[in-house]
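Chemist: Sharing upload.txt, compact mmCIF, C-alpha atoms:
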# COMPACT_ATOMS: atom_id res chain seq x y z
CA MET A 118 -36.73 -53.74 21.65
CA ARG A 119 -39.27 -56.49 22.24
CA ASP A 120 -41.13 -58.29 19.47
CA THR A 121 -44.83 -57.62 19.46
CA GLU A 122 -47.22 -60.58 19.79
CA SER A 123 -50.83 -61.11 18.84
CA PRO A 124 -53.15 -62.03 21.77
CA ARG A 125 -53.25 -65.65 20.56
CA THR A 126 -49.46 -65.84 19.98
CA GLY A 127 -48.81 -64.10 23.28
CA LEU A 128 -50.94 -66.63 25.15
CA ARG A 129 -49.05 -69.53 23.52
CA GLY A 130 -45.78 -67.84 24.44
CA ARG A 131 -46.76 -67.46 28.08
CA ARG A 132 -47.85 -71.10 28.23
CA ALA A 133 -44.54 -72.17 26.66
CA ARG A 134 -42.55 -70.16 29.20
CA LEU A 135 -44.55 -71.72 32.05
CA ALA A 136 -43.97 -75.21 30.68
CA GLY A 137 -40.26 -74.47 30.29
CA CYS A 138 -40.10 -73.18 33.85
CA ALA A 139 -41.69 -76.37 35.19
CA LEU A 140 -39.19 -78.54 33.26
CA LEU A 141 -36.24 -76.49 34.50
CA VAL A 142 -37.37 -76.77 38.12
CA ALA A 143 -37.70 -80.55 37.74
CA ALA A 144 -34.23 -80.81 36.21
CA LEU A 145 -32.34 -78.69 38.74
CA GLY A 146 -34.02 -80.07 41.86
CA ALA A 147 -35.87 -78.68 44.83
CA GLY A 148 -33.26 -76.01 45.45
CA VAL A 149 -34.40 -74.05 42.40
CA THR A 150 -37.59 -72.10 43.12
CA GLY A 151 -38.58 -70.87 39.66
CA CYS A 152 -37.67 -69.12 36.43
CA SER A 153 -37.54 -65.67 37.99
CA SER A 154 -36.57 -64.08 41.26
CA ASP A 155 -40.25 -64.04 42.22
CA GLY A 156 -40.53 -67.86 42.14
CA SER A 157 -43.10 -69.94 40.27
CA PRO A 158 -45.87 -67.78 38.78
CA LEU A 159 -48.33 -70.55 39.54
CA SER A 160 -47.63 -70.54 43.29
CA ALA A 161 -46.99 -66.85 43.98
CA GLU A 162 -49.55 -64.71 45.78
CA PRO A 163 -51.60 -62.55 43.35
CA TYR A 164 -50.09 -59.11 42.91
CA ASP A 165 -52.12 -55.85 43.05
CA ALA A 166 -53.49 -55.32 39.55
CA ALA A 167 -54.95 -51.87 40.25
CA ASP A 168 -52.68 -50.16 37.71
CA GLN A 169 -53.48 -52.72 35.00
CA ILE A 170 -57.25 -52.40 34.85
CA SER A 171 -59.78 -49.59 34.67
CA PHE A 172 -63.47 -49.45 35.50
CA GLY A 173 -65.97 -47.63 33.34
CA GLY A 174 -69.59 -47.61 32.28
CA SER A 175 -71.68 -47.19 35.40
CA LEU A 176 -68.76 -46.08 37.59
CA ASP A 177 -67.84 -42.43 38.08
CA GLU A 178 -65.24 -41.92 40.78
CA GLY A 179 -66.64 -40.41 43.96
CA LYS A 180 -70.28 -40.95 42.96
CA PRO A 181 -72.74 -43.83 43.26
CA ALA A 182 -72.79 -45.97 40.13
CA ASP A 183 -75.59 -45.45 37.66
CA PRO A 184 -77.74 -48.62 37.84
CA ASP A 185 -79.02 -47.98 34.33
CA LYS A 186 -75.55 -48.40 32.76
CA PRO A 187 -73.51 -51.59 32.40
CA LEU A 188 -70.34 -52.17 34.40
CA GLU A 189 -67.22 -52.20 32.20
CA ILE A 190 -63.71 -53.40 33.09
CA THR A 191 -60.76 -52.95 30.72
CA ALA A 192 -57.20 -54.33 30.79
CA GLU A 193 -54.93 -51.26 30.45
CA ASP A 194 -51.65 -53.19 30.11
CA SER A 195 -51.20 -54.60 26.59
CA ASP A 196 -49.05 -57.39 28.04
CA GLY A 197 -51.71 -58.53 30.51
CA ARG A 198 -55.26 -59.77 30.35
CA ILE A 199 -58.36 -60.25 32.48
CA THR A 200 -58.97 -63.91 33.30
CA ASP A 201 -62.05 -63.77 35.53
CA VAL A 202 -64.55 -61.34 37.03
CA VAL A 203 -66.93 -62.07 39.91
CA ALA A 204 -69.42 -59.34 40.83
CA VAL A 205 -71.96 -59.93 43.61
CA ASP A 206 -74.17 -57.60 45.65
CA ALA A 207 -74.78 -57.64 49.40
CA SER A 208 -77.83 -59.87 48.90
CA GLY A 209 -75.77 -62.53 47.15
CA ARG A 210 -77.02 -61.76 43.64
CA HIS A 211 -74.37 -62.32 40.98
CA LEU A 212 -73.97 -59.93 38.09
CA ALA A 213 -73.63 -61.83 34.81
CA GLY A 214 -71.06 -60.63 32.30
CA GLU A 215 -69.08 -61.40 29.17
CA LEU A 216 -65.30 -61.53 28.83
CA ALA A 217 -63.64 -60.79 25.50
CA ALA A 218 -61.76 -63.73 23.98
CA ASP A 219 -58.40 -61.95 24.35
CA GLY A 220 -59.13 -60.93 27.95
CA SER A 221 -58.98 -57.22 27.11
CA ARG A 222 -62.47 -56.29 28.31
CA TRP A 223 -65.34 -57.51 30.48
CA HIS A 224 -68.83 -56.01 30.61
CA SER A 225 -72.00 -56.88 32.50
CA THR A 226 -74.84 -58.46 30.53
CA THR A 227 -77.57 -58.21 33.17
CA PRO A 228 -78.77 -55.00 34.84
CA LEU A 229 -77.31 -53.66 38.05
CA ALA A 230 -79.66 -53.35 40.99
CA ALA A 231 -80.46 -49.85 42.25
CA SER A 232 -79.49 -48.81 45.80
CA ALA A 233 -77.24 -51.87 46.15
CA GLN A 234 -73.65 -52.48 47.23
CA TYR A 235 -71.46 -54.59 44.94
CA THR A 236 -68.10 -56.27 45.47
CA VAL A 237 -66.14 -56.96 42.28
CA ARG A 238 -63.13 -59.32 42.20
CA VAL A 239 -61.05 -59.06 39.04
CA SER A 240 -58.38 -61.66 38.30
CA THR A 241 -55.62 -60.90 35.79
CA GLU A 242 -52.52 -62.48 34.29
CA ASP A 243 -49.37 -60.72 33.09
CA GLU A 244 -47.08 -61.71 30.20
CA ASP A 245 -45.15 -64.10 32.47
CA GLY A 246 -48.30 -65.85 33.66
CA ARG A 247 -48.29 -64.23 37.11
CA ALA A 248 -51.73 -63.83 38.65
CA GLY A 249 -53.00 -60.40 39.68
CA ARG A 250 -56.04 -59.39 41.68
CA LYS A 251 -58.10 -56.25 42.19
CA VAL A 252 -61.10 -56.01 44.53
CA LEU A 253 -63.47 -53.06 44.26
CA THR A 254 -66.55 -52.20 46.28
CA PHE A 255 -69.09 -49.68 45.03
CA THR A 256 -72.68 -48.62 45.62
CA THR A 257 -75.32 -47.99 42.99
CA GLY A 258 -77.55 -44.93 43.06
CA LYS A 259 -81.28 -44.63 43.46
CA PRO A 260 -83.46 -45.62 40.53
CA GLY A 261 -85.02 -43.09 38.25
CA ALA A 262 -88.77 -42.63 38.00
CA ALA A 263 -90.26 -46.05 37.23
CA LYS A 264 -93.21 -48.22 38.09
CA PRO A 265 -92.48 -51.02 40.53
CA LEU A 266 -92.96 -54.49 39.10
CA GLY A 267 -94.61 -56.52 41.84
CA ILE A 268 -94.61 -60.31 41.75
CA THR A 269 -96.93 -62.64 43.64
CA PHE A 270 -96.14 -66.35 43.74
CA GLY A 271 -98.71 -69.10 44.00
CA PRO A 272 -100.21 -71.34 45.16
CA GLU A 273 -100.22 -70.63 48.89
CA ALA A 274 -97.62 -72.34 51.04
CA GLY A 275 -98.59 -75.92 51.85
CA THR A 276 -98.33 -79.51 50.64
CA TYR A 277 -99.46 -80.36 47.10
CA GLY A 278 -99.48 -83.15 44.58
CA VAL A 279 -96.59 -83.68 42.19
CA GLY A 280 -98.46 -82.04 39.30
CA GLN A 281 -98.85 -78.59 40.88
CA PRO A 282 -97.30 -75.83 38.72
CA LEU A 283 -95.83 -72.68 40.26
CA VAL A 284 -97.45 -69.39 39.25
CA ALA A 285 -95.90 -65.90 39.11
CA GLU A 286 -98.40 -63.04 38.78
CA LEU A 287 -96.94 -59.69 37.66
CA SER A 288 -98.40 -56.34 38.66
CA GLU A 289 -97.58 -54.84 35.25
CA PRO A 290 -97.60 -56.35 31.75
CA VAL A 291 -94.26 -57.31 30.22
CA ARG A 292 -94.37 -57.83 26.46
CA ASP A 293 -90.87 -57.19 25.14
CA PRO A 294 -88.86 -60.44 24.77
CA ALA A 295 -85.69 -58.87 26.20
CA GLN A 296 -87.58 -57.59 29.23
CA ARG A 297 -89.21 -60.98 29.70
CA ALA A 298 -85.74 -62.51 29.73
CA VAL A 299 -84.72 -60.12 32.53
CA VAL A 300 -87.78 -61.17 34.53
CA GLU A 301 -87.14 -64.89 34.03
CA ARG A 302 -83.50 -64.61 35.05
CA GLY A 303 -84.63 -62.99 38.28
CA LEU A 304 -87.13 -65.73 39.21
CA LYS A 305 -85.30 -68.48 41.07
CA VAL A 306 -86.71 -71.95 41.72
CA ASP A 307 -84.87 -74.41 43.96
CA SER A 308 -86.05 -77.98 44.48
CA THR A 309 -84.80 -80.72 46.78
CA PRO A 310 -84.37 -83.21 45.09
CA SER A 311 -83.32 -81.03 42.14
CA VAL A 312 -85.29 -80.95 38.89
CA THR A 313 -84.96 -79.55 35.37
CA GLY A 314 -87.71 -77.01 34.79
CA ALA A 315 -88.66 -73.83 32.95
CA TRP A 316 -91.03 -70.85 33.06
CA TYR A 317 -93.76 -70.40 30.45
CA TRP A 318 -95.36 -67.03 29.67
CA VAL A 319 -99.10 -67.72 29.76
CA ASP A 320 -99.78 -64.07 29.00
CA ASP A 321 -98.17 -60.65 29.58
CA LYS A 322 -98.72 -60.80 33.35
CA LYS A 323 -98.60 -64.48 34.24
CA LEU A 324 -95.95 -67.20 34.16
CA HIS A 325 -96.15 -70.88 35.07
CA PHE A 326 -93.19 -73.01 36.13
CA ARG A 327 -93.14 -76.80 35.87
CA PRO A 328 -90.41 -79.44 35.75
CA LYS A 329 -89.70 -81.50 32.65
CA ASP A 330 -91.41 -84.38 34.42
CA TYR A 331 -93.65 -84.30 37.50
CA TRP A 332 -92.15 -83.05 40.75
CA PRO A 333 -90.49 -85.74 42.87
CA ALA A 334 -92.58 -87.06 45.76
CA ASP A 335 -91.78 -85.56 49.16
CA ALA A 336 -89.84 -82.66 47.61
CA THR A 337 -89.30 -79.17 48.98
CA VAL A 338 -89.74 -76.39 46.40
CA GLN A 339 -88.74 -72.77 46.95
CA VAL A 340 -89.36 -69.86 44.59
CA ARG A 341 -88.13 -66.31 45.06
CA SER A 342 -87.46 -63.15 43.09
CA ASN A 343 -84.05 -61.49 42.69
CA LEU A 344 -85.56 -58.57 40.77
CA GLU A 345 -85.76 -56.00 43.57
CA GLY A 346 -84.13 -52.82 42.28
CA ILE A 347 -83.36 -54.36 38.86
CA LYS A 348 -84.28 -52.40 35.74
CA VAL A 349 -86.72 -54.41 33.64
CA GLY A 350 -87.65 -51.67 31.18
CA ASP A 351 -87.25 -47.92 30.74
CA ARG A 352 -90.15 -47.27 33.10
CA LEU A 353 -90.28 -50.53 35.01
CA ARG A 354 -88.11 -51.77 37.87
CA GLY A 355 -88.40 -54.87 40.03
CA ASP A 356 -90.01 -54.56 43.46
CA ALA A 357 -89.61 -56.73 46.55
CA ALA A 358 -91.53 -60.03 46.42
CA LYS A 359 -92.47 -62.49 49.14
CA PRO A 360 -90.80 -65.88 48.56
CA LEU A 361 -92.78 -69.11 48.64
CA THR A 362 -91.99 -72.58 49.95
CA LEU A 363 -94.19 -75.58 49.26
CA ARG A 364 -93.82 -79.32 49.55
CA THR A 365 -95.06 -82.28 47.58
CA GLY A 366 -96.66 -85.38 49.02
CA ASP A 367 -96.97 -88.82 47.50
CA ARG A 368 -97.10 -89.26 43.73
CA VAL A 369 -100.86 -89.88 43.28
CA ILE A 370 -102.26 -90.28 39.76
CA ALA A 371 -105.69 -91.39 38.55
CA VAL A 372 -106.01 -92.71 35.00
CA THR A 373 -109.56 -92.81 33.66
CA ASP A 374 -110.10 -95.02 30.64
CA ALA A 375 -113.31 -93.65 29.16
CA ALA A 376 -113.69 -96.56 26.75
CA ALA A 377 -113.25 -99.18 29.51
CA HIS A 378 -115.33 -97.12 32.00
CA LEU A 379 -112.62 -97.69 34.61
CA LEU A 380 -110.54 -95.37 36.81
CA THR A 381 -107.25 -96.73 38.17
CA VAL A 382 -105.37 -95.01 41.00
CA TYR A 383 -101.59 -95.25 41.36
CA LYS A 384 -99.64 -94.18 44.45
CA ASN A 385 -95.87 -93.86 44.11
CA GLY A 386 -95.98 -96.07 41.04
CA GLU A 387 -98.11 -98.85 42.55
CA GLU A 388 -101.73 -99.55 41.64
CA ILE A 389 -103.88 -99.18 44.76
CA LYS A 390 -107.48 -99.13 43.52
CA GLN A 391 -109.75 -99.61 40.51
CA ILE A 392 -113.12 -97.85 40.38
CA PRO A 393 -115.94 -98.40 37.85
CA VAL A 394 -116.99 -95.01 36.43
CA THR A 395 -119.11 -93.29 33.84
CA THR A 396 -117.81 -90.38 31.74
CA GLY A 397 -119.30 -87.93 29.23
CA LYS A 398 -121.88 -89.22 26.79
CA PRO A 399 -121.96 -88.25 23.09
CA GLY A 400 -122.15 -84.46 22.76
CA PHE A 401 -120.77 -84.01 26.27
CA GLU A 402 -117.55 -86.02 26.06
CA THR A 403 -115.03 -85.73 28.88
CA ARG A 404 -111.79 -84.02 27.90
CA ASN A 405 -108.76 -86.22 27.28
CA GLY A 406 -105.40 -85.38 28.76
CA VAL A 407 -103.76 -84.60 32.08
CA LYS A 408 -105.60 -82.41 34.57
CA VAL A 409 -104.48 -81.16 37.97
CA VAL A 410 -106.79 -81.23 41.00
CA LEU A 411 -107.84 -77.62 41.66
CA ALA A 412 -110.06 -77.95 44.72
CA LYS A 413 -112.30 -80.28 46.71
CA GLU A 414 -115.90 -79.53 47.63
CA ARG A 415 -117.89 -81.84 49.89
CA PHE A 416 -121.11 -80.46 48.47
CA VAL A 417 -121.87 -78.54 45.31
CA ARG A 418 -125.13 -77.79 43.52
CA MET A 419 -124.82 -78.46 39.79
CA ARG A 420 -127.33 -76.83 37.45
CA SER A 421 -127.44 -77.15 33.68
CA THR A 422 -128.41 -73.50 33.22
CA THR A 423 -124.90 -72.44 34.32
CA VAL A 424 -123.45 -74.07 31.21
CA GLY A 425 -126.05 -72.96 28.71
CA ILE A 426 -128.51 -75.87 28.85
CA ALA A 427 -132.04 -74.52 28.97
CA GLU A 428 -134.13 -75.35 32.02
CA GLY A 429 -136.80 -77.91 31.20
CA SER A 430 -134.96 -79.24 28.13
CA ALA A 431 -134.18 -82.92 27.69
CA GLU A 432 -130.62 -82.41 28.98
CA SER A 433 -131.39 -80.08 31.88
CA TYR A 434 -130.41 -81.04 35.43
CA ASP A 435 -130.34 -79.59 38.96
CA LEU A 436 -128.44 -81.90 41.29
CA ASP A 437 -126.97 -81.88 44.79
CA VAL A 438 -123.55 -83.48 44.40
CA HIS A 439 -121.31 -84.80 47.16
CA PHE A 440 -117.57 -85.46 47.36
CA ALA A 441 -116.74 -83.37 44.29
CA THR A 442 -113.07 -83.10 43.27
CA ARG A 443 -112.67 -80.25 40.77
CA VAL A 444 -110.29 -80.56 37.79
CA THR A 445 -111.41 -77.65 35.55
CA TRP A 446 -112.80 -74.21 36.33
CA SER A 447 -115.61 -74.74 33.83
CA GLY A 448 -117.05 -77.45 36.04
CA GLU A 449 -115.49 -80.85 35.35
CA TYR A 450 -115.31 -82.93 38.53
CA VAL A 451 -114.74 -86.43 39.78
CA HIS A 452 -117.78 -86.88 42.04
CA ALA A 453 -120.42 -89.11 43.56
CA ALA A 454 -123.19 -90.00 41.09
CA PRO A 455 -125.57 -92.42 42.84
CA TRP A 456 -128.17 -91.87 40.09
CA SER A 457 -125.91 -93.56 37.50
CA VAL A 458 -124.57 -96.54 39.49
CA GLY A 459 -126.19 -98.95 37.04
CA SER A 460 -124.16 -97.48 34.17
CA GLN A 461 -120.85 -97.16 35.99
CA GLY A 462 -118.36 -99.61 34.52
CA TYR A 463 -120.62 -100.18 31.49
CA ALA A 464 -121.65 -96.96 29.72
CA ASN A 465 -120.90 -93.22 29.50
CA VAL A 466 -123.98 -91.24 30.53
CA SER A 467 -122.68 -88.08 32.26
CA HIS A 468 -122.54 -84.49 31.00
CA GLY A 469 -118.72 -84.52 31.12
CA CYS A 470 -117.81 -85.32 34.71
CA VAL A 471 -116.40 -88.62 35.95
CA GLY A 472 -119.13 -90.21 38.07
CA MET A 473 -118.80 -93.05 40.59
CA SER A 474 -120.57 -94.49 43.62
CA THR A 475 -120.81 -92.37 46.77
CA ALA A 476 -118.47 -94.70 48.68
CA ASP A 477 -115.84 -94.59 45.94
CA ALA A 478 -116.21 -90.81 45.56
CA GLU A 479 -115.65 -90.35 49.29
CA TRP A 480 -112.50 -92.51 49.12
CA PHE A 481 -111.26 -90.53 46.11
CA PHE A 482 -112.04 -87.25 47.89
CA ASP A 483 -110.07 -88.32 50.97
CA THR A 484 -107.13 -89.71 48.95
CA PHE A 485 -106.52 -86.88 46.49
CA ARG A 486 -105.19 -83.40 47.29
CA GLN A 487 -104.72 -80.21 45.31
CA GLY A 488 -101.97 -80.75 42.74
CA ASP A 489 -102.58 -84.47 42.30
CA LEU A 490 -103.13 -85.69 38.74
CA VAL A 491 -106.20 -86.96 36.91
CA GLU A 492 -105.62 -88.24 33.38
CA VAL A 493 -108.36 -89.20 30.92
CA VAL A 494 -107.63 -91.48 27.97
CA ASN A 495 -109.70 -93.00 25.16
CA SER A 496 -112.47 -90.39 25.31
CA GLU A 497 -114.02 -88.96 22.17
CA GLY A 498 -113.61 -85.47 23.66
CA ASP A 499 -111.02 -82.79 22.91
CA VAL A 500 -107.71 -82.57 24.78
CA MET A 501 -107.62 -80.46 27.94
CA GLU A 502 -106.51 -76.88 27.18
CA PRO A 503 -103.03 -76.00 28.50
CA PHE A 504 -104.25 -72.75 30.09
CA GLY A 505 -107.42 -70.84 30.89
CA ASN A 506 -109.49 -73.67 32.36
CA GLY A 507 -107.29 -74.97 35.14
CA PHE A 508 -103.82 -76.48 34.95
CA GLY A 509 -103.46 -78.29 31.65
CA ASP A 510 -99.74 -77.51 31.61
CA TRP A 511 -98.73 -81.16 31.34
CA ASN A 512 -100.50 -81.50 27.99
CA LEU A 513 -97.62 -79.62 26.36
CA ASN A 514 -94.54 -81.76 25.73
CA TRP A 515 -91.21 -80.47 27.03
CA ASP A 516 -90.06 -78.96 23.72
CA LYS A 517 -93.33 -77.04 23.35
CA TRP A 518 -93.12 -75.92 26.97
CA ARG A 519 -89.64 -74.49 26.46
CA GLU A 520 -90.92 -72.50 23.50
CA GLY A 521 -92.97 -70.46 25.96
CA SER A 522 -89.85 -69.26 27.77
CA ALA A 523 -88.07 -66.01 26.88
CA LEU A 524 -84.78 -67.75 27.64
CA THR A 525 -85.16 -71.06 25.81
CA GLY A 526 -87.87 -70.35 23.23
CA SER A 527 -88.85 -67.64 20.81
CA GLY A 528 -90.06 -65.42 23.65
CA LYS A 529 -93.45 -65.22 21.97
CA THR A 530 -96.42 -66.72 23.75
CA PRO A 531 -98.22 -69.18 21.47
CA GLU A 532 -101.92 -68.79 21.05
CA THR A 533 -103.69 -70.86 23.69
CA ALA A 534 -107.27 -71.89 24.11
CA GLN A 535 -108.84 -69.53 26.64
CA GLN A 536 -112.49 -70.24 26.02
CA MET A 537 -114.47 -72.24 28.52
CA ALA A 538 -115.79 -75.36 26.88
CA ARG A 539 -119.53 -75.43 26.70
CA LEU A 540 -121.87 -77.94 28.25
CA ARG A 541 -119.84 -78.80 31.33
CA PRO A 542 -121.55 -78.90 34.74
CA ALA A 543 -120.39 -76.00 36.93
CA ALA A 544 -120.98 -74.94 40.49
CA ALA A 545 -123.70 -72.42 41.12
In structure tokens, how does this file's structure come out?

Modeler:
Amino acid sequence: MRDTESPRTGLRGRRARLAGCALLVAALGAGVTGCSSDGSPLSAEPYDAADQISFGGSLDEGKPADPDKPLEITAEDSDGRITDVVAVDASGRHLAGELAADGSRWHSTTPLAASAQYTVRVSTEDEDGRAGRKVLTFTTGKPGAAKPLGITFGPEAGTYGVGQPLVAELSEPVRDPAQRAVVERGLKVDSTPSVTGAWYWVDDKKLHFRPKDYWPADATVQVRSNLEGIKVGDRLRGDAAKPLTLRTGDRVIAVTDAAAHLLTVYKNGEEIKQIPVTTGKPGFETRNGVKVVLAKERFVRMRSTTVGIAEGSAESYDLDVHFATRVTWSGEYVHAAPWSVGSQGYANVSHGCVGMSTADAEWFFDTFRQGDLVEVVNSEGDVMEPFGNGFGDWNLNWDKWREGSALTGSGKTPETAQQMARLRPAAA
């Protein structure tokens, strides 16, 4: 009769036997092949472990697996254990899982995809430390009645500045934290060079992705969804999504010092130009913080009535503006302001925009692209909102950003300023 062993004691015993085997081989010389007739358990080919493990959960022999149930694998032999499980579908998507500490059971922790073929490789170890292997292929069934969750990635393919966030727009709202986690796990971002980044839930249907720091210059960024066929909720399942590839150009950043009335442009870390400017006057102060270039307009008509300033009042205006680089949707631009050249470099007289000479505005317009960065410091204005008025994403520090993720934060979207600030010039 054999003494029984606890899983922990049994593991120590197996390790001791392996160590003893290695010492015996060393002592007796090359002519001795191992401690048993099968040779060294570390060098032997894996044996067929089919009779030592069983599959359950989503699997029912002879039928497609139920994609709404987890995959379960159990070690049937009390003297053996599961050491590793790799499950991957035909599209290359890996199924995450959790292995019990004693190796007795493994179960999937992410949903199976519907109408997919999986290959599962199970590695085992017996009481003598010999490695076993079982490979199983199965197909999952069709999904039950559910709405498809469509995902659209933005911006459009192209080349952008290093401040451009990625956007994922969902076709259906996702509010539950666990379901949000499923969505995030299925959204894959690859960057060359690589970066550390995270998704942030702006609202129930929109996510932004940004790195911890700005994107590297001359990077290639790819985003795709692995959610096709994956159950997100009881009545929601991932749909196919078109992947997106974009590239970054040079690292171009403008820093506007509102107190010094000076805008300084840096390209790949080197200062390349200083421009005298005027920013928002009292009551119309330019927002502080980091803003991302949204668009460029060679000509835009700016009227005070579009931002609530009555026509004919002391602050009313109706201007034809050239070389306008937009940084907020509510109408903040960097643009040509020939009417205020005498104040540029000396005083702040605008209604919130950054004004400069026509020649400098044309140079700025030609130098900056969508996704480049415009930072304002030393203004008396509020800080740029993170969301709702352009891309103010960089005004959240990394810890705050991670709080907006269902994987690294609370899963709850913090309240964000969505209101358009008043008294900012906007396009007609």

Chemist: When you look at Asp499 (chain A) with a cut-off of 7 Å (counting all atoms listed in the file), what residues show up, excluding the ones that are within fewer than 2 positions of it in the same chain? I need them as a list in words.

Modeler: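 Counting all atoms listed in the file, the residues come to Arg404, Asn405, Glu497 and Met501 of chain A.
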
Chemist: Out of A:Gly355, A:Ala248, A:Thr403, A:Ser232, which residue has the shortest atom-to-atom distance to Ala263 (chain A) when counting all atoms listed in the file?

Modeler: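 The closest residue to Ala263 (chain A) is A:Gly355.
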
Chemist: Skip Val291 (chain A) itself and residues of its chain fewer than 6 positions away, then list as a VMD selection string all residues within 8 Å of it, counting only C-alpha atoms.

Modeler: chain A and resid 297 321 to 322

Chemist: Restricting the calculation to all atoms listed in the file: of A:Ala523, A:Val451, A:Val394, A:Ala412, which residue gets closest to Phe508 (chain A)?

Modeler: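 So, comparing all the options, the nearest one is A:Ala412.
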
Chemist: Name the closest residue to Val491 (chain A) among the candidates A:Pro184, A:Gly278, A:Gly521, A:Gly271; distances are taken between atoms, counting only C-alpha atoms.

Modeler: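 Under the stated criterion, the closest residue is A:Gly278.
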
Chemist: Given the choices A:Arg302, A:Arg292, A:Arg198, A:Lys259, which gets closest to His211 (chain A) if the distance is worked out from all atoms listed in the file?

Modeler: A:Arg302

Chemist: Find, counting all atoms listed in the file, the residue in A:His452, A:Arg222, A:Lys398, A:His468 that gets nearest to Ala375 (chain A).

Modeler: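 For Ala375 (chain A), the nearest of the candidates is A:Lys398.
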
Chemist: Choose the residue, out of A:Val319, A:Ala371, A:Ile190, A:Ala217, that has the smallest atom-to-atom separation from Val493 (chain A); count all atoms listed in the file.

Modeler: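 Residue with the minimum atom-to-atom distance to Val493 (chain A): A:Ala371.
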
Chemist: Which residues are near Arg341 (chain A)? Cut-off 10 Å, only C-alpha atoms, ignore same chain within fewer than 6 positions. Put them as a tab-separated table (two decimals) with C-alpha atoms, in the frame of the given file.

Modeler:
chain	number	residue	atom	x	y	z
A	268	ILE	CA	-94.61	-60.31	41.75
A	269	THR	CA	-96.93	-62.64	43.64
A	270	PHE	CA	-96.14	-66.35	43.74
A	285	ALA	CA	-95.90	-65.90	39.11
A	303	GLY	CA	-84.63	-62.99	38.28
A	304	LEU	CA	-87.13	-65.73	39.21
A	305	LYS	CA	-85.30	-68.48	41.07
A	306	VAL	CA	-86.71	-71.95	41.72
A	307	ASP	CA	-84.87	-74.41	43.96
A	357	ALA	CA	-89.61	-56.73	46.55
A	358	ALA	CA	-91.53	-60.03	46.42
A	359	LYS	CA	-92.47	-62.49	49.14
A	360	PRO	CA	-90.80	-65.88	48.56
A	361	LEU	CA	-92.78	-69.11	48.64
A	362	THR	CA	-91.99	-72.58	49.95

Chemist: Kindly give the distance, in Å, that separates CA of Val494 (chain A) and CA of Pro393 (chain A), rounded to a single decimal.

Modeler: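 Here the two named atoms are 14.6 Å from each other.
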
Chemist: So the first atom is CA of Asn465 (chain A) and the second is CA of Thr373 (chain A); what is the distance between them in Å, to one decimal place?

Modeler: 12.1 Å

Chemist: Please return, as a ChimeraX atom specification, all polymer residues that have at least one atom within 9 Å of the point (-85.7, -74.1, 32.1); use all atoms listed in the file and the file's own coordinate frame.

Modeler: /A:313-316,326-329,519,522,524-525

Chemist: Would you mind exporting the chosen residues as a short mmCIF file (atom, residue, chain, number, x, y, z; two decimals), keeping the file's coordinate frame, restricted to C-alpha atoms?

Modeler:
data_model
loop_
_atom_site.label_atom_id
_atom_site.label_comp_id
_atom_site.auth_asym_id
_atom_site.auth_seq_id
_atom_site.Cartn_x
_atom_site.Cartn_y
_atom_site.Cartn_z
CA THR A 313 -84.96 -79.55 35.37
CA GLY A 314 -87.71 -77.01 34.79
CA ALA A 315 -88.66 -73.83 32.95
CA TRP A 316 -91.03 -70.85 33.06
CA PHE A 326 -93.19 -73.01 36.13
CA ARG A 327 -93.14 -76.80 35.87
CA PRO A 328 -90.41 -79.44 35.75
CA LYS A 329 -89.70 -81.50 32.65
CA ARG A 519 -89.64 -74.49 26.46
CA SER A 522 -89.85 -69.26 27.77
CA LEU A 524 -84.78 -67.75 27.64
CA THR A 525 -85.16 -71.06 25.81
#

Chemist: Between CA of Lys517 (chain A) and CA of Leu411 (chain A), what is the distance in Å, rounded to a tenth?

Modeler: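 Here the two named atoms are 23.4 Å from each other.
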
Chemist: Find the residues near Ser171 (chain A): any atom within 9 Å, counting all atoms listed in the file, skip ones fewer than 4 places away on the same chain, and give them as a PyMOL selection string.

Modeler: chain A and resi 167+189-193

Chemist: Neighbouring residues of Arg486 (chain A) were defined as those with any atom within 12 Å, considering only C-alpha atoms; residues of the same chain fewer than 2 positions away were excluded. Please report them as a short mmCIF file (atom, residue, chain, number, x, y, z; two decimals) with C-alpha atoms, in the coordinates of the input.

Modeler:
data_model
loop_
_atom_site.label_atom_id
_atom_site.label_comp_id
_atom_site.auth_asym_id
_atom_site.auth_seq_id
_atom_site.Cartn_x
_atom_site.Cartn_y
_atom_site.Cartn_z
CA GLY A 275 -98.59 -75.92 51.85
CA THR A 276 -98.33 -79.51 50.64
CA TYR A 277 -99.46 -80.36 47.10
CA GLY A 278 -99.48 -83.15 44.58
CA VAL A 279 -96.59 -83.68 42.19
CA GLY A 280 -98.46 -82.04 39.30
CA GLN A 281 -98.85 -78.59 40.88
CA THR A 365 -95.06 -82.28 47.58
CA GLY A 366 -96.66 -85.38 49.02
CA ASP A 367 -96.97 -88.82 47.50
CA ARG A 368 -97.10 -89.26 43.73
CA VAL A 369 -100.86 -89.88 43.28
CA ILE A 370 -102.26 -90.28 39.76
CA ALA A 371 -105.69 -91.39 38.55
CA VAL A 409 -104.48 -81.16 37.97
CA VAL A 410 -106.79 -81.23 41.00
CA LEU A 411 -107.84 -77.62 41.66
CA ALA A 412 -110.06 -77.95 44.72
CA LYS A 413 -112.30 -80.28 46.71
CA GLU A 414 -115.90 -79.53 47.63
CA ALA A 441 -116.74 -83.37 44.29
CA THR A 442 -113.07 -83.10 43.27
CA ARG A 443 -112.67 -80.25 40.77
CA VAL A 444 -110.29 -80.56 37.79
CA TRP A 480 -112.50 -92.51 49.12
CA PHE A 481 -111.26 -90.53 46.11
CA PHE A 482 -112.04 -87.25 47.89
CA ASP A 483 -110.07 -88.32 50.97
CA THR A 484 -107.13 -89.71 48.95
CA GLY A 488 -101.97 -80.75 42.74
CA ASP A 489 -102.58 -84.47 42.30
CA LEU A 490 -103.13 -85.69 38.74
CA VAL A 491 -106.20 -86.96 36.91
#
